[in-house]
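Here is coords-v1.txt, consisting of compact mmCIF, C-alpha atoms:
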```txt
# COMPACT_ATOMS: atom_id res chain seq x y z
CA MET L 260 107.07 89.43 88.64
CA SER L 261 110.09 87.92 90.40
CA HIS L 262 109.97 85.88 93.58
CA SER L 263 112.02 88.44 95.50
CA SER L 264 109.54 91.27 94.96
CA MET L 265 106.69 88.90 95.86
CA TRP L 266 108.48 88.11 99.11
CA GLU L 267 109.18 91.83 99.58
CA ALA L 268 105.49 92.70 99.31
CA VAL L 269 104.36 89.98 101.76
CA THR L 270 107.01 90.71 104.38
CA GLY L 271 106.33 94.41 103.89
CA ILE L 272 102.68 93.86 104.79
CA VAL L 273 103.48 91.73 107.82
CA ARG L 274 106.06 94.23 109.05
CA ARG L 275 103.70 97.18 108.58
CA ASP L 276 100.80 95.47 110.35
CA LEU L 277 102.99 94.48 113.29
CA LEU L 278 104.36 98.02 113.51
CA LEU L 279 100.82 99.40 113.48
CA ALA L 280 99.80 96.94 116.20
CA MET L 281 102.72 98.08 118.32
CA ARG L 282 101.70 101.72 117.89
CA ARG L 283 98.18 100.74 119.00
CA TRP L 284 99.18 98.14 121.53
CA SER L 285 96.13 98.92 123.68
CA ASP L 286 93.88 97.18 121.12
CA ALA L 287 95.83 93.93 121.38
CA ALA L 288 96.06 94.25 125.16
CA MET L 289 92.28 94.59 125.35
CA SER L 290 91.76 91.28 123.52
CA VAL L 291 94.06 89.57 125.99
CA PHE L 292 92.21 91.04 128.98
CA PHE L 293 88.94 89.99 127.39
CA LEU L 294 90.20 86.40 127.16
CA VAL L 295 91.38 86.36 130.77
CA ILE L 296 88.12 87.86 132.06
CA VAL L 297 85.84 85.51 130.08
CA VAL L 298 87.79 82.47 131.25
CA SER L 299 87.78 83.68 134.85
CA LEU L 300 84.01 84.23 134.86
CA PHE L 301 83.28 80.51 134.59
CA PRO L 302 84.72 79.38 137.93
CA LEU L 303 82.79 82.25 139.52
CA GLY L 304 79.56 81.18 137.88
CA VAL L 305 79.88 77.41 138.07
CA GLY L 306 81.45 77.20 141.52
CA PRO L 307 84.89 76.06 142.66
CA GLU L 308 84.29 72.28 142.41
CA PRO L 309 87.64 70.98 140.91
CA ALA L 310 86.12 67.99 139.09
CA VAL L 311 83.47 70.14 137.39
CA LEU L 312 86.01 72.80 136.42
CA ARG L 313 88.29 70.18 134.91
CA THR L 314 85.42 68.77 132.85
CA ILE L 315 84.36 72.12 131.41
CA ALA L 316 87.92 73.46 130.97
CA PRO L 317 88.55 72.38 127.34
CA GLY L 318 85.25 73.81 126.10
CA VAL L 319 85.53 77.04 128.06
CA LEU L 320 89.11 77.73 127.01
CA TRP L 321 88.37 77.00 123.38
CA VAL L 322 85.19 79.07 123.23
CA ALA L 323 87.05 81.95 124.86
CA ALA L 324 89.85 81.67 122.29
CA LEU L 325 87.26 81.66 119.53
CA LEU L 326 85.50 84.78 120.84
CA THR L 327 88.81 86.60 121.26
CA CYS L 328 89.63 85.91 117.64
CA LEU L 329 86.17 87.05 116.58
CA LEU L 330 86.52 90.36 118.42
CA SER L 331 89.71 91.25 116.61
CA LEU L 332 88.40 90.44 113.11
CA ALA L 333 87.12 93.97 112.60
CA ARG L 334 90.73 95.16 112.68
CA VAL L 335 91.95 92.95 109.83
CA PHE L 336 90.65 94.77 106.75
CA THR L 337 88.34 97.60 107.89
CA PRO L 338 91.08 100.19 108.60
CA ASP L 339 92.73 99.46 105.24
CA TYR L 340 89.35 99.71 103.53
CA LEU L 341 88.63 103.10 105.09
CA ASP L 342 91.99 104.74 104.41
CA GLY L 343 92.46 103.45 100.87
CA VAL L 344 95.36 101.04 101.50
CA LEU L 345 93.15 98.16 100.38
CA GLU L 346 92.78 99.71 96.92
CA GLN L 347 96.56 99.85 96.69
CA MET L 348 96.78 96.21 97.83
CA VAL L 349 94.43 95.04 95.11
CA LEU L 350 96.41 96.90 92.45
CA VAL L 351 99.86 95.49 93.17
CA PRO L 352 101.48 93.19 90.64
CA GLN L 353 101.52 90.28 93.11
CA PRO L 354 98.67 87.81 93.60
CA LEU L 355 96.26 89.31 96.13
CA SER L 356 95.86 85.96 97.91
CA LEU L 357 99.55 86.10 98.91
CA LEU L 358 99.10 89.53 100.47
CA VAL L 359 96.02 88.23 102.25
CA LEU L 360 98.16 85.44 103.68
CA GLY L 361 100.53 88.11 105.01
CA LYS L 362 97.63 90.02 106.60
CA VAL L 363 96.28 86.84 108.22
CA LEU L 364 99.72 85.91 109.52
CA ALA L 365 100.04 89.34 111.13
CA HIS L 366 96.55 89.01 112.60
CA TRP L 367 97.45 85.64 114.09
CA VAL L 368 100.67 86.98 115.65
CA ILE L 369 98.73 89.88 117.19
CA SER L 370 95.60 88.09 118.38
CA GLY L 371 96.19 84.30 118.19
CA LEU L 372 99.70 83.91 119.54
CA PRO L 373 98.97 85.68 122.86
CA VAL L 374 96.10 83.22 123.39
CA VAL L 375 98.44 80.27 122.80
CA LEU L 376 101.07 81.70 125.13
CA LEU L 377 98.58 82.47 127.91
CA SER L 378 96.73 79.16 127.68
CA PRO L 379 98.94 77.12 130.08
CA LEU L 380 98.29 79.69 132.81
CA LEU L 381 94.56 79.69 132.14
CA GLY L 382 94.57 75.88 132.04
CA LEU L 383 96.21 75.75 135.45
CA GLN L 384 93.38 77.89 136.76
CA PHE L 385 91.03 75.04 135.83
CA GLY L 386 93.22 72.36 137.34
CA LEU L 387 94.62 70.97 134.09
CA GLU L 388 98.10 69.59 134.43
CA GLY L 389 101.03 67.83 132.81
CA GLU L 390 100.44 66.34 129.42
CA THR L 391 96.94 67.80 129.12
CA LEU L 392 98.35 71.33 129.34
CA GLY L 393 100.74 70.44 126.54
CA VAL L 394 97.89 69.16 124.38
CA LEU L 395 95.91 72.33 125.11
CA VAL L 396 98.79 74.53 123.92
CA LEU L 397 99.37 72.36 120.87
CA SER L 398 95.68 72.31 119.93
CA LEU L 399 95.52 76.10 120.15
CA LEU L 400 98.75 76.43 118.18
CA LEU L 401 97.22 74.38 115.37
CA GLY L 402 93.71 75.78 115.71
CA THR L 403 94.08 79.54 116.14
CA PRO L 404 95.70 80.10 112.70
CA THR L 405 92.70 78.31 111.18
CA LEU L 406 90.41 80.66 113.12
CA SER L 407 92.27 83.66 111.68
CA MET L 408 92.06 82.20 108.16
CA ILE L 409 88.32 81.53 108.29
CA GLY L 410 87.74 84.83 110.08
CA ALA L 411 89.49 86.72 107.28
CA ILE L 412 86.93 85.43 104.76
CA GLY L 413 84.11 86.72 106.96
CA ALA L 414 85.84 90.04 107.61
CA ALA L 415 86.33 90.56 103.87
CA LEU L 416 82.73 89.63 103.05
CA VAL L 417 81.21 92.20 105.41
CA LEU L 418 83.45 95.13 104.41
CA GLY L 419 81.43 98.29 104.03
CA VAL L 420 78.25 96.70 105.37
CA ARG L 421 76.29 98.35 108.17
CA GLY L 422 76.26 96.43 111.46
CA SER L 423 79.13 94.32 110.22
CA GLY L 424 80.30 93.35 113.73
CA LEU L 425 77.31 91.14 114.42
CA LEU L 426 77.07 89.92 110.85
CA VAL L 427 80.64 88.66 110.84
CA ALA L 428 79.90 86.70 114.03
CA LEU L 429 76.87 85.07 112.41
CA LEU L 430 78.87 84.22 109.31
CA VAL L 431 81.99 82.96 110.95
CA LEU L 432 80.90 81.21 114.16
CA PRO L 433 79.20 78.25 112.42
CA LEU L 434 82.38 77.74 110.40
CA TYR L 435 84.38 77.66 113.63
CA VAL L 436 82.43 74.64 114.88
CA PRO L 437 84.72 71.91 113.49
CA VAL L 438 87.80 73.61 114.91
CA LEU L 439 86.08 73.94 118.28
CA ILE L 440 85.05 70.29 118.30
CA PHE L 441 88.46 68.96 117.35
CA GLY L 442 90.33 71.41 119.60
CA ALA L 443 88.28 70.81 122.72
CA GLY L 444 88.10 67.11 121.81
CA ALA L 445 91.90 66.83 121.78
CA VAL L 446 92.13 68.21 125.31
CA THR L 447 89.24 66.09 126.59
CA SER L 448 90.63 62.86 125.20
CA SER L 449 94.04 63.65 126.64
CA MET L 450 92.38 64.09 130.06
CA ALA L 451 90.64 60.74 129.59
CA GLY L 452 94.06 59.19 128.99
CA ILE L 453 93.51 58.16 125.38
CA GLY L 454 95.80 60.83 123.93
CA GLY L 455 94.80 63.73 121.69
CA GLU L 456 96.66 62.67 118.55
CA ALA L 457 93.59 61.89 116.42
CA ASN L 458 91.96 65.25 117.08
CA LEU L 459 95.26 67.08 116.70
CA SER L 460 95.73 65.50 113.28
CA LEU L 461 92.26 66.65 112.30
CA LEU L 462 93.13 70.18 113.48
CA GLY L 463 96.25 70.02 111.34
CA ALA L 464 94.14 68.96 108.38
CA CYS L 465 91.78 71.90 108.96
CA LEU L 466 94.78 74.24 109.03
CA VAL L 467 96.17 72.92 105.74
CA LEU L 468 92.79 73.08 104.08
CA SER L 469 92.19 76.65 105.24
CA LEU L 470 95.72 77.69 104.19
CA PHE L 471 94.85 76.44 100.76
CA LEU L 472 91.33 77.84 100.35
CA ALA L 473 90.90 80.83 102.65
CA PRO L 474 93.38 83.30 101.05
CA TRP L 475 91.83 82.71 97.68
CA ALA L 476 88.25 83.14 98.96
CA THR L 477 89.25 86.23 100.95
CA ALA L 478 90.92 87.80 97.91
CA ALA L 479 87.76 87.26 95.86
CA ALA L 480 85.63 88.84 98.61
CA LEU L 481 87.97 91.85 98.83
CA ARG L 482 87.73 92.49 95.10
CA ILE L 483 83.94 92.44 95.33
CA ALA L 484 84.00 94.82 98.30
CA LEU L 485 86.00 97.36 96.28
CA GLU L 486 83.81 97.37 93.17
CA MET I 75 98.88 103.55 74.72
CA LEU I 76 95.73 103.36 76.77
CA GLN I 77 92.48 102.84 74.94
CA ALA I 78 88.86 102.54 76.00
CA VAL I 79 86.61 100.74 73.56
CA GLY I 80 82.83 101.01 73.84
CA LEU I 81 82.90 101.38 77.63
CA SER I 82 79.69 101.62 79.55
CA CYS I 83 79.22 101.88 83.25
CA ARG I 84 76.19 101.62 85.48
CA ARG I 85 76.14 102.34 89.18
CA GLY I 86 72.98 101.03 90.77
CA GLU I 87 70.05 102.05 88.58
CA ARG I 88 71.85 104.92 86.92
CA ARG I 89 73.74 104.65 83.66
CA LEU I 90 76.78 106.90 83.95
CA PHE I 91 78.10 106.63 80.41
CA SER I 92 77.78 104.27 77.51
CA ASP I 93 79.77 103.49 74.38
CA LEU I 94 82.68 105.64 75.50
CA ASN I 95 85.70 105.57 73.21
CA VAL I 96 88.93 107.34 74.04
CA LYS I 97 92.58 106.85 73.16
CA VAL I 98 95.57 108.29 75.00
CA GLU I 99 99.04 108.10 73.48
CA ARG I 100 102.27 108.05 75.46
CA GLY I 101 103.46 111.51 76.38
CA LYS I 102 99.90 112.79 76.79
CA LEU I 103 97.76 113.66 79.75
CA LEU I 104 94.06 112.92 79.64
CA ALA I 105 92.06 115.23 81.86
CA VAL I 106 88.66 113.77 82.69
CA VAL I 107 86.24 116.56 83.55
CA GLY I 108 82.53 116.79 84.21
CA GLU I 109 79.97 117.54 86.88
CA ASN I 110 79.84 115.76 90.22
CA GLY I 111 78.36 112.32 89.73
CA SER I 112 79.07 112.18 86.02
CA GLY I 113 81.21 109.05 86.44
CA LYS I 114 84.74 110.47 86.40
CA THR I 115 85.95 108.41 89.35
CA SER I 116 84.16 105.31 88.04
CA LEU I 117 85.95 105.73 84.72
CA LEU I 118 89.29 106.00 86.50
CA ARG I 119 88.51 102.88 88.54
CA ILE I 120 87.62 101.04 85.35
CA PHE I 121 90.97 102.16 83.90
CA SER I 122 92.71 100.84 87.02
CA SER I 123 90.85 97.48 86.78
CA LEU I 124 89.32 97.96 90.25
CA LEU I 125 85.88 98.17 88.68
CA PRO I 126 84.85 95.92 85.80
CA PRO I 127 82.96 97.82 83.08
CA GLU I 128 79.41 96.80 82.31
CA ASP I 129 80.32 96.61 78.65
CA GLY I 130 83.36 97.28 76.50
CA SER I 131 87.02 96.94 77.33
CA VAL I 132 90.14 98.82 78.29
CA ARG I 133 93.31 98.08 76.32
CA TRP I 134 96.89 98.75 77.29
CA GLU I 135 99.29 98.65 74.33
CA GLY I 136 96.54 96.88 72.41
CA GLN I 137 95.80 94.12 74.94
CA ASP I 138 92.74 93.81 77.15
CA ILE I 139 93.70 94.68 80.74
CA HIS I 140 91.57 91.87 82.16
CA GLN I 141 93.76 89.41 80.31
CA LEU I 142 96.98 91.16 81.32
CA LYS I 143 95.97 91.13 85.01
CA GLU I 144 99.11 91.41 87.14
CA LEU I 145 101.23 92.44 84.15
CA TYR I 146 98.98 95.48 83.85
CA SER I 147 99.20 96.24 87.60
CA GLY I 148 102.96 96.34 87.10
CA GLN I 149 102.51 99.19 84.63
CA LEU I 150 100.32 101.50 86.63
CA MET I 151 100.29 103.72 89.65
CA TYR I 152 96.85 104.56 90.99
CA LEU I 153 96.04 107.25 93.50
CA GLY I 154 92.38 107.37 94.43
CA HIS I 155 90.56 110.03 96.38
CA LEU I 156 91.62 108.19 99.54
CA ASN I 157 95.25 108.81 100.39
CA GLY I 158 96.11 105.27 101.41
CA ILE I 159 98.21 106.42 104.35
CA LYS I 160 98.10 105.18 107.94
CA ASP I 161 97.48 107.70 110.72
CA ASP I 162 99.73 105.82 113.13
CA LEU I 163 102.79 105.85 110.88
CA THR I 164 105.09 108.77 110.09
CA ALA I 165 105.27 110.27 106.60
CA VAL I 166 108.52 108.41 105.87
CA GLU I 167 107.17 105.06 107.13
CA ASN I 168 104.00 105.52 105.11
CA LEU I 169 105.90 106.24 101.93
CA ILE I 170 108.33 103.34 102.43
CA SER I 171 105.56 100.85 103.18
CA SER I 172 103.35 101.90 100.27
CA MET I 173 106.27 101.69 97.84
CA ALA I 174 107.24 98.25 99.21
CA LEU I 175 103.65 97.13 98.79
CA ALA I 176 103.58 98.39 95.21
CA GLY I 177 106.65 96.26 94.47
CA GLU I 178 108.94 99.26 94.01
CA PRO I 179 110.82 99.31 97.33
CA CYS I 180 112.70 102.49 98.22
CA THR I 181 115.24 103.40 100.89
CA GLU I 182 114.66 105.81 103.73
CA SER I 183 116.81 108.52 102.13
CA GLU I 184 114.98 108.19 98.82
CA ALA I 185 111.68 108.55 100.67
CA LYS I 186 112.93 111.67 102.46
CA GLU I 187 114.09 113.21 99.18
CA ALA I 188 110.68 112.57 97.63
CA LEU I 189 108.93 114.19 100.58
CA GLU I 190 111.19 117.20 100.36
CA ALA I 191 110.60 117.45 96.62
CA ILE I 192 106.90 117.91 97.30
CA GLY I 193 107.63 120.50 99.96
CA LEU I 194 107.32 118.56 103.21
CA LYS I 195 110.12 119.75 105.44
CA ARG I 196 112.32 117.40 107.49
CA LEU I 197 110.55 118.46 110.65
CA VAL I 198 107.32 116.92 109.34
CA HIS I 199 108.86 113.57 108.33
CA ARG I 200 109.01 112.26 111.89
CA LEU I 201 105.51 113.28 112.92
CA SER I 202 102.73 110.76 113.20
CA SER I 203 100.47 111.29 110.19
CA LYS I 204 97.40 111.90 112.31
CA VAL I 205 98.66 115.37 113.23
CA LEU I 206 99.21 116.36 109.59
CA SER I 207 96.76 118.61 107.76
CA GLN I 208 94.65 117.33 104.85
CA GLY I 209 96.96 119.04 102.37
CA GLN I 210 100.06 117.56 104.01
CA LYS I 211 98.53 114.07 103.95
CA ARG I 212 97.72 114.50 100.29
CA ARG I 213 101.31 115.48 99.69
CA VAL I 214 102.58 112.36 101.48
CA ALA I 215 100.43 110.29 99.12
CA LEU I 216 101.59 112.29 96.08
CA ALA I 217 105.26 111.85 97.03
CA ARG I 218 104.95 108.44 95.34
CA LEU I 219 105.04 110.31 92.02
CA TRP I 220 108.72 111.05 92.69
CA LEU I 221 109.57 107.40 93.33
CA SER I 222 107.41 105.48 90.89
CA THR I 223 108.90 104.28 87.62
CA ARG I 224 105.58 103.02 86.25
CA PRO I 225 104.59 104.41 82.84
CA LEU I 226 100.86 104.88 83.53
CA TRP I 227 99.64 107.17 86.29
CA LEU I 228 95.95 107.29 87.23
CA LEU I 229 95.22 110.15 89.60
CA ASP I 230 91.86 111.03 91.14
CA GLU I 231 91.69 114.73 92.01
CA PRO I 232 95.40 114.98 92.85
CA PHE I 233 95.19 118.72 93.54
CA THR I 234 92.51 118.54 96.24
CA SER I 235 93.53 120.51 99.34
CA LEU I 236 96.91 121.43 97.85
CA ASP I 237 98.13 125.03 98.00
CA ALA I 238 99.15 126.91 94.84
CA ALA I 239 102.85 126.21 95.29
CA SER I 240 102.37 122.44 95.70
CA THR I 241 99.97 122.36 92.76
CA ALA I 242 102.69 123.92 90.62
CA VAL I 243 105.29 121.41 91.88
CA VAL I 244 103.00 118.44 91.13
CA THR I 245 102.16 119.85 87.67
CA GLN I 246 105.88 120.12 86.94
CA ARG I 247 106.31 116.52 88.00
CA LEU I 248 103.51 115.43 85.67
CA HIS I 249 105.18 117.35 82.86
CA ALA I 250 108.49 115.58 83.51
CA HIS I 251 106.69 112.23 83.43
CA LEU I 252 105.06 113.08 80.08
CA GLN I 253 108.43 114.12 78.66
CA ARG I 254 109.76 110.67 79.52
CA GLU I 255 107.00 109.10 77.43
CA GLY I 256 104.78 108.53 80.44
CA LEU I 257 101.03 108.61 80.31
CA VAL I 258 98.70 110.25 82.81
CA VAL I 259 94.96 110.15 83.35
CA VAL I 260 93.75 112.79 85.80
CA VAL I 261 90.27 113.38 87.16
CA THR I 262 90.13 117.06 88.00
CA HIS I 263 88.06 120.20 88.28
CA GLN I 264 91.05 122.45 87.83
CA GLU I 265 92.88 123.75 84.80
CA ILE I 266 96.22 121.98 84.44
CA ALA I 267 99.04 124.31 83.46
CA LEU I 268 100.66 122.14 80.79
CA PRO I 269 101.50 122.86 77.13
CA ALA I 270 98.40 122.38 74.96
CA GLU I 271 100.02 119.64 72.83
CA ARG I 272 100.38 117.47 75.95
CA LEU I 273 96.77 117.85 77.00
CA GLN I 274 93.72 115.94 75.97
CA GLN I 275 90.32 116.46 77.53
CA LEU I 276 87.39 114.15 78.01
CA ARG I 277 84.14 115.70 79.19
CA LEU I 278 81.61 113.34 80.72
CA ALA I 279 78.07 114.54 80.18
CA GLY I 280 76.51 113.03 83.31
```
What is this file in structure tokens?
Amino acid sequence: MSHSSMWEAVTGIVRRDLLLAMRRWSDAAMSVFFLVIVVSLFPLGVGPEPAVLRTIAPGVLWVAALLTCLLSLARVFTPDYLDGVLEQMVLVPQPLSLLVLGKVLAHWVISGLPVVLLSPLLGLQFGLEGETLGVLVLSLLLGTPTLSMIGAIGAALVLGVRGSGLLVALLVLPLYVPVLIFGAGAVTSSMAGIGGEANLSLLGACLVLSLFLAPWATAAALRIALE
Amino acid sequence: MLQAVGLSCRRGERRLFSDLNVKVERGKLLAVVGENGSGKTSLLRIFSSLLPPEDGSVRWEGQDIHQLKELYSGQLMYLGHLNGIKDDLTAVENLISSMALAGEPCTESEAKEALEAIGLKRLVHRLSSKVLSQGQKRRVALARLWLSTRPLWLLDEPFTSLDAASTAVVTQRLHAHLQREGLVVVVTHQEIALPAERLQQLRLAG
């Protein structure tokens, strides 16, 4: 199969998923509101002490980003599984892992990118400023695609299983731990004035590794789900 | 030529069929019939490579389909009992995106012609698919038959919820495909109005 039709199939999937997300924009909007509400609950619970808020900011923002990604995982493959599009995806003459990459890219644009774009505002709410805000955005930019990649494996594994919402959380959250540690670590070390480069490089490494392994693992899980 | 050699299939504890041998030449339609639960859909899914057989193999032009992999996918068009269409897209968008996915991209006007060929009027093309009836949705899915150039068609109950006129139109389309040396495997409960020399029947005992 030629490269052009491979490209055609992947862009076709991305375009279709983005179009579908636009038709059901309320779903994406709900994830964003969820993020804003979760992040805003902490100052209310912990109290308005600026020093405390600054200390917890990296962790809170990163955990909120992680939960937002988790909530939207059910929308990656389940609709396609239920209406039969997934069967068609498995039977195309292109490698399934490439199509999976397209699906994950679309998922990131819909649920990860808004988190990245909103993060400076949310950071300001916690009294982060200057370079630290930049590191926060950068860490999320490197980290959220990895979350989508890992999440896709979980979403594919629980297809057609009862109570899959909770199961996917149990499967995926432990795998999110390294990303959380490096992501929040980058912001914390930038606040401490030692720069976030080391942690950011590790986040980049996680992204490359997941780009390499996750589509392949997801494709295998999807084939099993359809048997 | 599509050939099944010594196929057996087990779903859970139940053995659906074993040592099944069948051969379909180009220009022929194989109608798989049998009671509910006799393994018709499973057989079709084995033919499509979605489901690996417990034993035996499926051969396309003499080669095992599990070795051909993507080369085999490039030869077949599969329509399962699910339509594979999105409720939030219009009929035209659905057809264009499923053809693009299959690696046989089509233009908007080609998609509209295909939809008209299967009797969906222009008025319906712009409607969101969630307001379409079951029969209309089935027809959107079947419109791919007018666009696909693949030699092997695997269809699971294509005539479900179709009216008599659409059934006749689809049957004609199948006939045209067979005349161009195509090959069709259909799971069905209905009689297919095709010349007897084109038809081949496989009855699964269950």
Taking only C-alpha atoms into account and nothing else, which residues of chain L lie no more than 6 Å away from chain I? Please answer as a ChimeraX atom specification.
/L:264,268,342-344,350-352,486
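Nearest to L:Cys465 of all the residues L:Trp284, L:Phe336, L:Tyr435, L:Trp367 is L:Tyr435, based on all atoms listed in the file.
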For atom CA of I:Gln208 and atom CA of I:Phe233, the interatomic separation in Å (one decimal)
11.4 Å
Enclose the full set of atoms of stretch 80-96 of chain I listed in the file within a box whose edges lie along x, y and z, apply 5 Å of padding to each of the six sides, and report centre and edge lengths in Å to one decimal as JSON.
```
{"center_x": 79.5, "center_y": 104.2, "center_z": 82.0, "size_x": 28.9, "size_y": 16.3, "size_z": 27.6}
```
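Minimum atom-to-atom distances from L:Leu392, L:Ala479, L:Val269, L:Leu426 to L:Leu376 were compared using all atoms listed in the file, and the lowest value belongs to L:Leu392.
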Residues near L:Ala457, cut-off 10 Å, all atoms listed in the file, skip fewer than 5 positions along chain, as an MDAnalysis selection string
chainID L and resid 441 444:445 448 462:463
Just checking: using only C-alpha atoms, which residue out of L:Ile315, L:Leu329, L:Leu279, L:Met265 ends up closest to L:Gly424?
L:Leu329
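A straight line drawn from atom CA of I:Arg218 to atom CA of I:Leu169 is 7.0 Å long.
Take atom CA of I:Ala267 and atom CA of I:Lys114: the distance between them is 20.1 Å.
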Give me the residues within 6 Å of stretch 104-113 of chain I as a PyMOL selection string, counting only C-alpha atoms and dropping any in the same chain fewer than 2 places off.
chain I and resi 90+115-116+259-262+274-278+280
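Across L:Pro338, L:Pro379, L:Gly361, L:Gly318, the tightest approach to L:Val396 is made by L:Pro379 when counting only C-alpha atoms.
The environment of L:Gly382 within 9 Å, counting only C-alpha atoms and disregarding residues fewer than 2 places along the same chain, consists of Arg313, Ala316, Pro317, Leu320, Leu377, Ser378, Pro379, Leu380, Gln384, Phe385, Gly386, Leu387, Glu388, Thr391, Leu392 and Leu395 of chain L.
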Give me a file of those residues, with C-alpha atoms, as a CSV table (one decimal), in the frame of the given file.
```csv
chain,number,residue,atom,x,y,z
L,313,ARG,CA,88.3,70.2,134.9
L,316,ALA,CA,87.9,73.5,131.0
L,317,PRO,CA,88.6,72.4,127.3
L,320,LEU,CA,89.1,77.7,127.0
L,377,LEU,CA,98.6,82.5,127.9
L,378,SER,CA,96.7,79.2,127.7
L,379,PRO,CA,98.9,77.1,130.1
L,380,LEU,CA,98.3,79.7,132.8
L,384,GLN,CA,93.4,77.9,136.8
L,385,PHE,CA,91.0,75.0,135.8
L,386,GLY,CA,93.2,72.4,137.3
L,387,LEU,CA,94.6,71.0,134.1
L,388,GLU,CA,98.1,69.6,134.4
L,391,THR,CA,96.9,67.8,129.1
L,392,LEU,CA,98.4,71.3,129.3
L,395,LEU,CA,95.9,72.3,125.1
```
